[in-house]
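Notes follow once the structure below has been shown.
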Amino acid sequence: MPPEESHRVDVHLDKLLADRGLTLTELADRVGLTLANLSVLKNGRAKAIRFTTLTALCQELDCQPSDLLTVRRP
């Protein structure tokens, strides 16, 4: 089995937060996540995201998953 390739998913949480005038702490409180877990996602260090988390983020930020996540071409 080949070694795990690093992912190419970019998370655009900073832009969405700025556009909506929210802080990461406020968003974490609103969606019921810890600040640490949301920070891992924001900084691109997450290896996975639950659909329930994605749904909660999109609902609170009034966006679609494609507004939050994109995949860089190789």
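The chains in the structure tokens are called A, B, ... from first to last as shown; in each chain the residues are counted from 1, and the ligands are counted from 1 in the order shown.
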**Prompt:** Can you tell me, as a list in words, what residues are no more than 8 Å from range 52-61 of chain A when counting only C-alpha atoms, ignoring any on the same chain fewer than 6 positions away?
**Reply:** Leu16, Leu17, Arg20, Leu27, Arg30, Val31 and Leu68 of chain A
**Item:** Pairwise distance for CA of Ala36 in chain A and CA of Leu24 in chain A, rounded to one decimal in Å
**Value:** 9.9 Å
**Request:** Would you work out the distance separating CA of Thr25 in chain A from CA of Ala46 in chain A, expressed in Å to one decimal?
**Result:** 17.6 Å
**Message:** Just to confirm, what's the straight-line distance from CA of Arg73 in chain A to CA of Leu41 in chain A in Å (one decimal)?
**Reply:** 19.8 Å
**Backbone DSSP call of strand (DSSP E or B) for chain A, listed as a list of chain:residue names** =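 Answer for chain A, restricted to strand (DSSP E or B): A:Val9, A:Asp10, A:Val11, A:Leu69, A:Thr70, A:Val71.
Those residues that approach range 8-11 of chain A to within 8 Å, counting only C-alpha atoms, are Ser6, Leu13, Leu41, Lys42, Asn43, Gly44, Leu68, Leu69, Thr70, Val71, Arg72, Arg73 and Pro74 of chain A; same-chain residues fewer than 2 positions away are not listed.
For the set A:Val40, A:Ile49, A:Leu22, A:Ala28, the residue with the smallest atom-to-atom gap to Pro65 in chain A is A:Ile49, counting only C-alpha atoms.
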